[in-house]
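Text of final.txt, listed as compact mmCIF, C-alpha atoms and all ligand atoms:
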```txt
# COMPACT_ATOMS: atom_id res chain seq x y z
CA MET A 1 21.84 0.94 16.09
CA ASN A 2 19.71 2.48 13.36
CA HIS A 3 17.40 5.34 14.31
CA LEU A 4 14.82 7.54 12.60
CA PHE A 5 17.45 9.76 11.02
CA SER A 6 19.84 7.02 9.87
CA PRO A 7 20.12 7.03 6.10
CA LEU A 8 18.83 3.97 4.26
CA LYS A 9 20.43 2.70 1.08
CA LEU A 10 18.00 0.96 -1.25
CA LYS A 11 19.89 -0.19 -4.33
CA ASP A 12 21.34 3.07 -5.82
CA VAL A 13 18.92 5.29 -3.92
CA GLU A 14 19.77 6.70 -0.53
CA LEU A 15 17.01 7.99 1.75
CA LYS A 16 18.40 10.64 4.08
CA ASN A 17 16.12 9.41 6.87
CA ARG A 18 13.46 6.76 7.56
CA LEU A 19 10.45 9.10 7.33
CA VAL A 20 8.23 8.37 4.34
CA VAL A 21 5.17 10.30 3.19
CA SER A 22 2.47 7.69 2.67
CA PRO A 23 0.51 7.79 -0.58
CA MET A 24 -2.56 9.97 -0.17
CA CYS A 25 -5.20 10.46 -2.84
CA GLN A 26 -5.92 14.11 -3.43
CA TYR A 27 -8.79 13.60 -5.91
CA SER A 28 -7.77 16.90 -7.48
CA SER A 29 -6.82 15.98 -11.06
CA THR A 30 -8.62 16.52 -14.32
CA ASP A 31 -8.17 13.67 -16.80
CA GLY A 32 -5.39 12.26 -14.61
CA PHE A 33 -3.11 15.29 -14.88
CA ALA A 34 -0.99 16.53 -12.00
CA ASN A 35 -1.25 20.28 -11.42
CA ASP A 36 -0.15 23.06 -9.07
CA TRP A 37 -1.95 21.39 -6.15
CA HIS A 38 0.23 18.29 -6.47
CA LEU A 39 3.41 20.32 -6.86
CA VAL A 40 2.73 22.29 -3.68
CA HIS A 41 1.32 19.31 -1.74
CA LEU A 42 4.23 16.96 -2.50
CA GLY A 43 6.80 19.73 -2.75
CA SER A 44 6.08 21.12 0.70
CA ARG A 45 6.67 17.70 2.27
CA ALA A 46 10.06 17.65 0.49
CA VAL A 47 10.86 21.08 1.95
CA GLY A 48 9.70 19.63 5.30
CA GLY A 49 12.48 17.06 5.23
CA ALA A 50 10.84 13.70 4.41
CA GLY A 51 13.27 11.05 3.19
CA LEU A 52 10.86 9.63 0.61
CA ILE A 53 7.58 10.96 -0.73
CA ILE A 54 5.28 8.46 -2.37
CA SER A 55 2.67 10.02 -4.66
CA GLU A 56 -0.97 9.17 -4.21
CA ALA A 57 -2.49 6.10 -5.90
CA THR A 58 -1.76 6.91 -9.54
CA ALA A 59 -4.04 5.13 -11.95
CA VAL A 60 -2.53 2.93 -14.64
CA SER A 61 -5.72 3.19 -16.71
CA PRO A 62 -8.76 5.50 -16.70
CA GLU A 63 -11.06 2.68 -15.55
CA GLY A 64 -8.60 1.95 -12.73
CA ARG A 65 -9.31 5.29 -11.03
CA ILE A 66 -11.25 5.44 -7.77
CA THR A 67 -12.84 8.73 -8.80
CA PRO A 68 -12.84 10.76 -12.03
CA PHE A 69 -10.41 13.11 -10.22
CA ASP A 70 -7.58 10.64 -9.46
CA LEU A 71 -4.02 11.24 -10.54
CA GLY A 72 -3.11 9.11 -13.56
CA ILE A 73 -0.19 7.87 -15.62
CA TRP A 74 -1.94 6.13 -18.52
CA LYS A 75 -0.72 8.46 -21.27
CA ASP A 76 2.55 10.14 -22.17
CA GLU A 77 1.01 13.60 -21.79
CA HIS A 78 0.92 12.98 -18.02
CA ILE A 79 4.72 12.82 -17.84
CA PRO A 80 5.94 16.47 -18.07
CA PHE A 81 4.09 17.85 -15.02
CA LEU A 82 5.04 14.79 -12.96
CA LYS A 83 8.67 15.39 -13.99
CA ARG A 84 8.45 18.95 -12.73
CA ILE A 85 7.32 17.58 -9.35
CA THR A 86 10.02 14.89 -9.11
CA ASP A 87 12.70 17.42 -10.08
CA PHE A 88 11.57 19.73 -7.28
CA ILE A 89 11.49 16.88 -4.73
CA HIS A 90 14.99 15.78 -5.72
CA GLN A 91 16.32 19.36 -5.53
CA GLN A 92 15.28 19.32 -1.84
CA GLY A 93 17.30 16.17 -1.14
CA SER A 94 14.21 14.00 -0.81
CA VAL A 95 13.31 11.06 -3.06
CA ALA A 96 10.20 10.88 -5.26
CA GLY A 97 8.24 7.64 -5.35
CA ILE A 98 5.05 6.74 -7.17
CA GLN A 99 2.26 4.39 -6.17
CA LEU A 100 0.95 2.57 -9.25
CA ALA A 101 -2.67 1.64 -8.76
CA HIS A 102 -5.82 0.06 -10.14
CA ALA A 103 -8.99 0.50 -8.13
CA GLY A 104 -10.74 -2.68 -9.30
CA ARG A 105 -14.27 -2.99 -7.89
CA LYS A 106 -13.81 0.16 -5.78
CA ALA A 107 -13.64 2.33 -8.92
CA THR A 108 -16.10 4.90 -10.23
CA LYS A 109 -16.83 6.74 -6.96
CA SER A 110 -17.38 10.36 -6.10
CA GLN A 111 -14.76 12.20 -4.04
CA PRO A 112 -14.97 11.59 -0.26
CA TRP A 113 -16.14 15.16 0.31
CA THR A 114 -19.09 14.58 -2.05
CA GLY A 115 -20.13 11.33 -0.36
CA ASN A 116 -17.91 8.58 -1.83
CA LYS A 117 -20.93 7.38 -3.82
CA HIS A 118 -21.01 4.99 -6.78
CA LEU A 119 -21.09 7.07 -9.99
CA SER A 120 -23.07 5.88 -13.02
CA PRO A 121 -21.84 6.90 -16.49
CA GLU A 122 -24.53 9.64 -16.50
CA GLU A 123 -22.99 11.02 -13.29
CA GLY A 124 -19.45 11.06 -14.72
CA GLY A 125 -18.47 7.50 -13.79
CA TRP A 126 -17.87 4.48 -16.02
CA GLU A 127 -19.40 1.07 -16.61
CA ASN A 128 -16.21 -0.92 -17.23
CA PHE A 129 -15.06 -1.29 -13.64
CA VAL A 130 -13.53 -4.71 -13.14
CA ALA A 131 -12.64 -7.28 -10.48
CA PRO A 132 -11.59 -10.92 -10.17
CA SER A 133 -15.21 -11.89 -9.52
CA PRO A 134 -18.52 -10.08 -10.06
CA ILE A 135 -19.07 -9.29 -6.38
CA PRO A 136 -19.71 -5.67 -5.36
CA PHE A 137 -17.76 -4.29 -2.41
CA GLU A 138 -20.93 -2.91 -0.86
CA GLU A 139 -24.53 -4.01 -1.03
CA ASN A 140 -26.80 -1.96 -3.27
CA THR A 141 -24.05 -1.04 -5.71
CA PRO A 142 -23.67 -2.55 -9.20
CA ALA A 143 -21.49 -5.64 -9.58
CA PRO A 144 -18.07 -5.18 -11.22
CA ILE A 145 -17.28 -6.97 -14.49
CA GLU A 146 -15.33 -10.19 -13.99
CA LEU A 147 -11.98 -9.84 -15.78
CA ASP A 148 -11.47 -12.38 -18.55
CA LEU A 149 -7.98 -13.52 -19.55
CA GLU A 150 -7.69 -10.78 -22.16
CA GLY A 151 -8.69 -8.21 -19.55
CA ILE A 152 -6.03 -9.56 -17.19
CA GLN A 153 -3.40 -9.20 -19.92
CA LYS A 154 -4.50 -5.58 -20.41
CA VAL A 155 -4.07 -4.87 -16.67
CA ILE A 156 -0.54 -6.31 -16.79
CA ALA A 157 0.29 -4.27 -19.90
CA ASP A 158 -1.15 -1.12 -18.27
CA PHE A 159 1.07 -1.54 -15.19
CA LYS A 160 4.09 -2.06 -17.43
CA ALA A 161 3.41 0.98 -19.63
CA ALA A 162 2.71 3.11 -16.54
CA THR A 163 6.06 2.02 -15.09
CA SER A 164 7.90 3.13 -18.24
CA ARG A 165 6.22 6.52 -17.91
CA ALA A 166 7.15 6.67 -14.22
CA VAL A 167 10.80 6.20 -15.21
CA ALA A 168 10.49 9.00 -17.78
CA ALA A 169 8.86 11.21 -15.13
CA GLY A 170 11.93 10.79 -12.90
CA PHE A 171 10.53 8.69 -10.06
CA LYS A 172 13.20 6.74 -8.16
CA VAL A 173 10.93 4.40 -6.18
CA ALA A 174 7.92 2.54 -7.57
CA GLU A 175 5.30 1.02 -5.30
CA ILE A 176 2.71 -1.44 -6.62
CA HIS A 177 -0.58 -0.93 -4.76
CA ALA A 178 -1.83 -4.36 -3.71
CA ALA A 179 -3.71 -3.21 -0.59
CA HIS A 180 -6.96 -1.66 0.65
CA GLY A 181 -9.39 -3.75 -1.38
CA TYR A 182 -8.26 -2.46 -4.75
CA LEU A 183 -7.74 -4.71 -7.75
CA LEU A 184 -4.61 -6.63 -6.77
CA HIS A 185 -5.77 -7.14 -3.19
CA GLU A 186 -9.10 -8.36 -4.59
CA PHE A 187 -7.17 -11.08 -6.43
CA LEU A 188 -5.14 -12.01 -3.32
CA SER A 189 -8.08 -12.38 -0.96
CA PRO A 190 -10.48 -15.34 -1.02
CA LEU A 191 -13.20 -12.93 0.15
CA SER A 192 -13.25 -11.22 -3.26
CA ASN A 193 -11.63 -13.83 -5.53
CA LYS A 194 -14.01 -16.70 -6.33
CA ARG A 195 -12.43 -17.59 -9.69
CA THR A 196 -11.99 -21.17 -10.77
CA ASP A 197 -9.25 -20.56 -13.38
CA GLN A 198 -5.49 -20.16 -12.87
CA TYR A 199 -6.04 -16.79 -11.12
CA GLY A 200 -8.31 -18.10 -8.33
CA GLY A 201 -8.76 -20.85 -5.78
CA THR A 202 -5.39 -21.81 -4.30
CA PHE A 203 -2.98 -19.35 -2.69
CA GLU A 204 -0.55 -19.77 -5.62
CA ASN A 205 -3.33 -18.96 -8.07
CA ARG A 206 -4.57 -15.91 -6.15
CA ILE A 207 -1.08 -14.38 -5.96
CA ARG A 208 -0.39 -15.09 -9.66
CA LEU A 209 -1.54 -11.74 -11.05
CA LEU A 210 0.58 -9.78 -8.56
CA PHE A 211 3.66 -11.77 -9.57
CA GLU A 212 2.94 -11.34 -13.27
CA ILE A 213 2.71 -7.60 -12.66
CA VAL A 214 5.92 -7.55 -10.62
CA ALA A 215 7.68 -9.36 -13.50
CA ALA A 216 6.25 -6.99 -16.13
CA VAL A 217 7.16 -3.93 -14.06
CA LYS A 218 10.69 -5.22 -13.56
CA GLU A 219 11.16 -5.54 -17.34
CA VAL A 220 11.09 -1.72 -17.56
CA TRP A 221 11.89 -0.48 -14.03
CA PRO A 222 15.67 0.12 -13.77
CA GLU A 223 17.48 -2.61 -11.86
CA ASN A 224 19.32 -0.06 -9.73
CA LEU A 225 16.08 1.48 -8.39
CA PRO A 226 13.97 0.02 -5.58
CA LEU A 227 10.55 -1.57 -6.02
CA PHE A 228 8.02 -1.65 -3.18
CA VAL A 229 4.69 -3.45 -2.83
CA ARG A 230 1.96 -2.20 -0.49
CA ILE A 231 -0.14 -4.99 0.95
CA SER A 232 -3.03 -5.30 3.32
CA ALA A 233 -1.34 -7.70 5.71
CA SER A 234 -4.73 -8.87 7.04
CA ASP A 235 -8.34 -8.60 5.88
CA TRP A 236 -9.36 -8.53 9.56
CA VAL A 237 -12.23 -10.97 8.86
CA PRO A 238 -11.06 -14.04 10.83
CA GLU A 239 -14.43 -15.78 10.87
CA GLU A 240 -14.35 -16.28 7.09
CA GLU A 241 -11.70 -17.67 4.74
CA SER A 242 -9.77 -14.45 4.22
CA TRP A 243 -6.26 -13.02 3.81
CA THR A 244 -4.20 -13.30 7.00
CA ILE A 245 -0.82 -12.24 8.35
CA GLN A 246 0.40 -15.82 7.79
CA ASP A 247 -0.44 -15.42 4.08
CA SER A 248 1.46 -12.12 4.10
CA VAL A 249 4.58 -13.76 5.53
CA VAL A 250 4.57 -16.37 2.76
CA LEU A 251 3.85 -13.67 0.18
CA GLY A 252 6.72 -11.59 1.57
CA LYS A 253 9.21 -14.44 1.07
CA GLU A 254 8.04 -14.96 -2.50
CA LEU A 255 8.08 -11.24 -3.30
CA LYS A 256 11.63 -11.05 -2.03
CA ALA A 257 12.60 -13.95 -4.30
CA ALA A 258 10.91 -12.09 -7.17
CA GLY A 259 13.15 -9.06 -6.58
CA VAL A 260 10.89 -6.77 -4.56
CA ASP A 261 12.88 -4.60 -2.16
CA LEU A 262 10.41 -3.53 0.53
CA ILE A 263 6.89 -4.39 1.70
CA ASP A 264 4.73 -1.55 2.91
CA CYS A 265 2.51 -3.24 5.49
CA SER A 266 -0.95 -1.74 5.67
CA SER A 267 -4.17 -3.68 6.29
CA GLY A 268 -7.90 -3.97 5.63
CA GLY A 269 -10.12 -2.32 3.07
CA ASN A 270 -11.51 -5.38 1.29
CA SER A 271 -14.60 -6.16 3.35
CA THR A 272 -17.39 -4.25 5.01
CA LYS A 273 -17.25 -6.99 7.70
CA GLN A 274 -13.71 -6.11 8.85
CA GLN A 275 -13.27 -5.61 12.59
CA ILE A 276 -10.17 -3.52 13.24
CA SER A 277 -9.03 -2.54 16.66
CA VAL A 278 -7.53 0.82 15.73
CA GLY A 279 -4.98 2.51 17.96
CA PRO A 280 -1.46 3.95 17.88
CA GLY A 281 0.82 1.72 15.80
CA TYR A 282 -1.93 -0.86 15.27
CA GLN A 283 -0.39 -2.18 12.05
CA THR A 284 3.25 -2.09 13.17
CA PRO A 285 3.17 -5.77 14.33
CA PHE A 286 2.46 -6.72 10.71
CA ALA A 287 5.58 -4.90 9.51
CA GLN A 288 7.56 -6.61 12.26
CA ALA A 289 6.26 -10.10 11.47
CA VAL A 290 6.93 -9.77 7.74
CA ARG A 291 10.37 -8.25 8.38
CA LEU A 292 11.45 -11.03 10.72
CA GLU A 293 9.75 -14.02 9.13
CA SER A 294 10.02 -13.15 5.42
CA ASN A 295 13.45 -11.56 5.83
CA ILE A 296 12.59 -8.57 3.68
CA LEU A 297 12.69 -4.83 4.41
CA THR A 298 9.36 -3.45 5.60
CA GLY A 299 7.58 -0.18 6.20
CA ALA A 300 5.30 0.33 9.19
CA VAL A 301 2.23 2.52 8.68
CA GLY A 302 -0.88 3.45 10.61
CA LEU A 303 -1.37 5.93 13.44
CA ILE A 304 2.29 6.71 13.85
CA ASN A 305 2.00 10.28 15.02
CA SER A 306 5.04 11.17 17.09
CA ALA A 307 8.78 11.32 16.61
CA SER A 308 9.52 9.12 19.60
CA GLN A 309 7.05 6.45 18.43
CA ALA A 310 8.61 6.50 14.94
CA ASP A 311 12.16 6.42 16.33
CA HIS A 312 11.25 3.50 18.61
CA ILE A 313 9.97 1.47 15.63
CA ILE A 314 13.29 1.84 13.83
CA ARG A 315 15.50 1.37 16.90
CA THR A 316 13.72 -1.83 17.94
CA GLY A 317 13.88 -3.29 14.44
CA GLN A 318 10.14 -3.45 13.93
CA ALA A 319 10.48 -1.91 10.46
CA ASP A 320 13.04 -0.27 8.20
CA VAL A 321 11.01 2.84 7.39
CA VAL A 322 8.10 4.60 9.03
CA ILE A 323 5.35 5.61 6.62
CA ILE A 324 3.11 8.45 7.76
CA ALA A 325 -0.03 9.86 6.20
CA ARG A 326 -2.29 12.08 8.32
CA GLU A 327 0.40 13.55 10.56
CA PHE A 328 2.09 14.75 7.36
CA LEU A 329 -1.16 16.45 6.33
CA ARG A 330 -1.31 18.24 9.65
CA ASN A 331 2.35 19.11 9.57
CA PRO A 332 4.37 19.01 6.33
CA TYR A 333 7.44 19.95 8.39
CA PHE A 334 7.06 16.94 10.69
CA PRO A 335 10.65 15.68 10.06
CA LEU A 336 12.13 19.08 11.00
CA HIS A 337 10.27 18.94 14.31
CA ALA A 338 10.97 15.22 14.79
CA ALA A 339 14.73 15.74 14.52
CA ALA A 340 14.63 18.28 17.33
CA GLU A 341 12.46 15.98 19.44
CA VAL A 342 14.85 13.03 19.12
CA HIS A 343 17.93 15.31 19.34
CA LYS A 344 19.32 14.71 15.87
CA GLU A 345 21.07 17.38 13.89
CA ILE A 346 19.70 17.64 10.34
CA LYS A 347 20.09 20.07 7.49
CA TRP A 348 17.26 22.58 7.09
CA PRO A 349 16.48 24.27 3.78
CA VAL A 350 18.83 27.27 3.70
CA GLN A 351 15.85 29.57 3.17
CA TYR A 352 14.41 28.41 6.54
CA GLU A 353 17.60 28.20 8.57
CA ARG A 354 16.78 31.23 10.71
CA ALA A 355 13.81 29.30 12.10
CA LYS A 356 15.80 26.19 12.97
CA LEU A 357 14.74 24.35 16.11
CA ARG A 358 17.65 23.55 18.38
C1 LIG B 1 -6.34 11.66 2.57
C2 LIG B 1 -5.86 10.23 2.50
C3 LIG B 1 -5.67 9.64 1.25
C4 LIG B 1 -5.17 8.32 1.16
N1 LIG B 1 -4.88 7.79 -0.08
C5 LIG B 1 -4.19 6.63 -0.15
C6 LIG B 1 -3.64 6.20 -1.38
O1 LIG B 1 -3.71 6.89 -2.41
N2 LIG B 1 -2.99 5.02 -1.41
C7 LIG B 1 -2.82 4.26 -0.27
O2 LIG B 1 -2.22 3.19 -0.34
N3 LIG B 1 -3.29 4.67 0.91
C8 LIG B 1 -3.94 5.85 1.00
N4 LIG B 1 -4.33 6.32 2.22
C9 LIG B 1 -3.95 5.56 3.44
C10 LIG B 1 -2.64 6.13 3.99
O3 LIG B 1 -1.59 6.03 3.05
C11 LIG B 1 -2.25 5.42 5.30
O4 LIG B 1 -2.01 4.08 5.00
C12 LIG B 1 -3.31 5.54 6.38
O5 LIG B 1 -3.87 6.85 6.42
C13 LIG B 1 -2.77 5.21 7.77
O6 LIG B 1 -1.67 6.05 8.08
P1 LIG B 1 -1.84 7.34 9.08
O7 LIG B 1 -2.43 6.80 10.37
O8 LIG B 1 -0.45 7.85 9.24
O9 LIG B 1 -2.77 8.31 8.44
C14 LIG B 1 -4.89 7.60 2.34
C15 LIG B 1 -5.12 8.20 3.58
C16 LIG B 1 -5.57 9.50 3.67
C17 LIG B 1 -5.75 10.12 5.04
```
Mind turning this structure into C-alpha cells?
Ligand SMILES: Cc1cc2nc3c(=O)[nH]c(=O)nc-3n(C[C@H](O)[C@H](O)[C@H](O)COP(=O)(O)O)c2cc1C
Amino acid sequence: MNHLFSPLKLKDVELKNRLVVSPMCQYSSTDGFANDWHLVHLGSRAVGGAGLIISEATAVSPEGRITPFDLGIWKDEHIPFLKRITDFIHQQGSVAGIQLAHAGRKATKSQPWTGNKHLSPEEGGWENFVAPSPIPFEENTPAPIELDLEGIQKVIADFKAATSRAVAAGFKVAEIHAAHGYLLHEFLSPLSNKRTDQYGGTFENRIRLLFEIVAAVKEVWPENLPLFVRISASDWVPEEESWTIQDSVVLGKELKAAGVDLIDCSSGGNSTKQQISVGPGYQTPFAQAVRLESNILTGAVGLINSASQADHIIRTGQADVVIIAREFLRNPYFPLHAAAEVHKEIKWPVQYERAKLR
C-alpha cells in the first residue's frame, strides 16, 4: 500500500515522497524577475524535505500578471536566476516544478497586503487585461478586453515560449494553471465565457483553448517530463449554469488522452457568488472523483494540515500526491516532522542531522 513517503515515478522524474509545495504567489518580483526571496522561500522548502516544489503562478506575459510584482517567464533574461533556484532544489533531492499562468480578467491588481485593488495604468497597472468575454470579475471594476482570435493565438504562443524557457531554467515538472478564475478557467466556465465562436458555448468549445495550450506546450516540453494541469473542479455556483465536478471528470479523461500526467484538483475563484463549505480536506473528494472516474493521477489540495491526514489520503487512494500551501508557509520543514509523526525513516540534510526527530 502506498503511503505519504512512498516515492512516485512520473515519467523520468521520481518524487521521493508525496508531499508537494503548492504554488503560492509571493508578489515580490520586479519586472518578473526571481530574486533572493524566491531562492530562500523555495529553497528552504527543499531543505525541509518536500518531494516536489511548484513555483508560484509564473506569468507567461506581462499582461498576464495578477499584480505588477508577479514572478514571470516572458523573456529569456528571466531564465538564469530561475536556473539557480532549480539547481538548488535539485541538489537537495527535491524536484522543481513551475506553474505557468495567465491572470485573465483578474489581472492588474495591487498586492494583497495593499488591498488587492484594481490598478489603473496611472497606478502602475495596465489597460490590456483580457478575458473570453468582457465581464468584470467584480462589480465596479473595469471590464476586461474580449480576446479576439489573434489575441488567443498570442496567448497560446506565450504559453509555448514560456515552456521553452522553463525547460532552459531546469524545471522538471510543468503545471498549466487553469484554476481560480484566471484566464483558462474563465474559458472553461460558462459563468465567464459567453462567446459565440469556436471558443465558447458548448463544453467542447469552452475547453478548446486549454487543449490548444496543452498541445503547444507539449511541442516543447520534453516527453520524458511530467505535465500537470491545475483545475478548479467546481465553481461552487450550483444555481447557475457553471463548471461542475461532472465537467471536471470529463475534462480529466480528455486531458489524460491529450498526454497530461496529473490533475491538481483545486476549486472556486471564478465567481463572487460561490458558496464554499470550507473545512479540513474540503477539496479532497474532487481529487478522488477525478482519480477514480477519469483514471488519471490526481493531487489533493486544500486545508490538509497534518501528517496523518495527508498519509490517510494516499493510503486510501483518494489522490496520488498531497499538495499543501499554508502549512508549508508556517513550517517549511513540515515533511521532516511528518515523517516522524507517521513513523517513516527519511534522510535529513546532513547539515541538520544532529536535530533529527526520532
Ligand atoms: C500566499 C498564497 C499564495 C497563493 N498563490 C497561488 C498561486 O500562485 N497559484 C495557485 O494555483 N494557487 C495559489 N494559492 C492557493 C494555494 O496553492 C492552495 O491551493 C490553497 O491555499 C489551499 O491549500 P492550503 O489549505 O494548503 O493553503 C495561494 C495560496 C496562498 C496562501
Extending 4 Å beyond the listed atoms of ligand LIG 1 (chain B) on each side, what axis-aligned box results? I want centre and edge lengths in Å to one decimal, as lines of an AutoDock Vina configuration file.
```
center_x = -3.4
center_y = 7.4
center_z = 4.0
size_x = 13.9
size_y = 16.5
size_z = 20.8
```
Taking a cut-off of 12 Å and counting all atoms listed in the file, can you build a table that, for each residue of region 232-283 of chain A near region 18-29 of chain A, reports the nearest atom pair and how far apart they are in Å (one decimal), sorted by chain then residue number, as CSV?
```
residue,atom,partner,partner_atom,distance
A:Asp264,CA,A:Ser22,CA,9.5
A:Cys265,CA,A:Ser22,CA,11.3
A:Ser266,CA,A:Ser22,CA,10.5
```
Notebook entry, point to check: So how far away is CA of Leu10 (chain A) from CA of His102 (chain A), in Å?
Noted result: 25.4 Å
Would you give me, as a Markdown table, each residue of chain A having an atom within 7 Å of an atom of ligand LIG 1 (chain B), along with its shortest atom pair and that distance in Å to one decimal, using all atoms listed in the file and sorting by chain and residue number?
```
| residue | atom | partner | partner_atom | distance |
| --- | --- | --- | --- | --- |
| A:Ser22 | CA | B:LIG1 | O3 | 4.4 |
| A:Pro23 | CA | B:LIG1 | C6 | 4.5 |
| A:Met24 | CA | B:LIG1 | N1 | 3.2 |
| A:Cys25 | CA | B:LIG1 | N1 | 3.9 |
| A:Gln26 | CA | B:LIG1 | C3 | 6.5 |
| A:Glu56 | CA | B:LIG1 | O1 | 4.0 |
| A:Ala57 | CA | B:LIG1 | O1 | 3.8 |
| A:His177 | CA | B:LIG1 | O2 | 6.3 |
| A:Ala179 | CA | B:LIG1 | O2 | 6.6 |
| A:His180 | CA | B:LIG1 | O2 | 6.9 |
| A:Arg230 | CA | B:LIG1 | O2 | 6.8 |
| A:Ser266 | CA | B:LIG1 | O4 | 6.0 |
| A:Val301 | CA | B:LIG1 | O6 | 5.3 |
| A:Gly302 | CA | B:LIG1 | O7 | 3.7 |
| A:Leu303 | CA | B:LIG1 | O7 | 3.4 |
| A:Ile304 | CA | B:LIG1 | O8 | 5.5 |
| A:Asn305 | CA | B:LIG1 | O8 | 6.7 |
| A:Ile323 | CA | B:LIG1 | O8 | 6.7 |
| A:Ile324 | CA | B:LIG1 | O8 | 3.9 |
| A:Ala325 | CA | B:LIG1 | O8 | 3.7 |
| A:Arg326 | CA | B:LIG1 | O9 | 3.8 |
| A:Glu327 | CA | B:LIG1 | O8 | 5.9 |
```
Next item on the list: Find the residues around region 128-133 of chain A up to 9 Å (all atoms listed in the file counted), leave out those fewer than 4 positions away in its own chain, and share them as number ranges by chain.
Entry: A: 63-64, 103-108, 143-148, 151, 182-184, 186-187, 192-195, 199-200
Note to self: Under the rule that only C-alpha atoms are counted, which of A:Phe81, A:Trp113, A:Phe211, A:Phe228 is the nearest residue to Leu297 (chain A)?
What the structure shows: A:Phe228
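Using only C-alpha atoms, the residues found no farther than 9 Å from region 348-356 of chain A, other than those of its own chain fewer than 5 positions away, are A:Val47, A:Gly48, A:Gly49, A:Gln92, A:Leu336.
Closest approach to Thr298 (chain A) among A:Asp261, A:Glu341, A:Asp12, A:Asp247 is made by A:Asp261 (distances from only C-alpha atoms).
Distance check against Arg208 (chain A) using only C-alpha atoms: of A:Ala258, A:Ala161, A:Val167, A:Ser94, the minimum falls on A:Ala258.
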Note to self: Just to confirm, what's the straight-line distance from CA of Leu100 (chain A) to CA of Glu240 (chain A) in Å (one decimal)?
What the structure shows: 29.3 Å
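Interatomic distance, CA of Ala319 (chain A) against CA of Gly299 (chain A): 5.4 Å.
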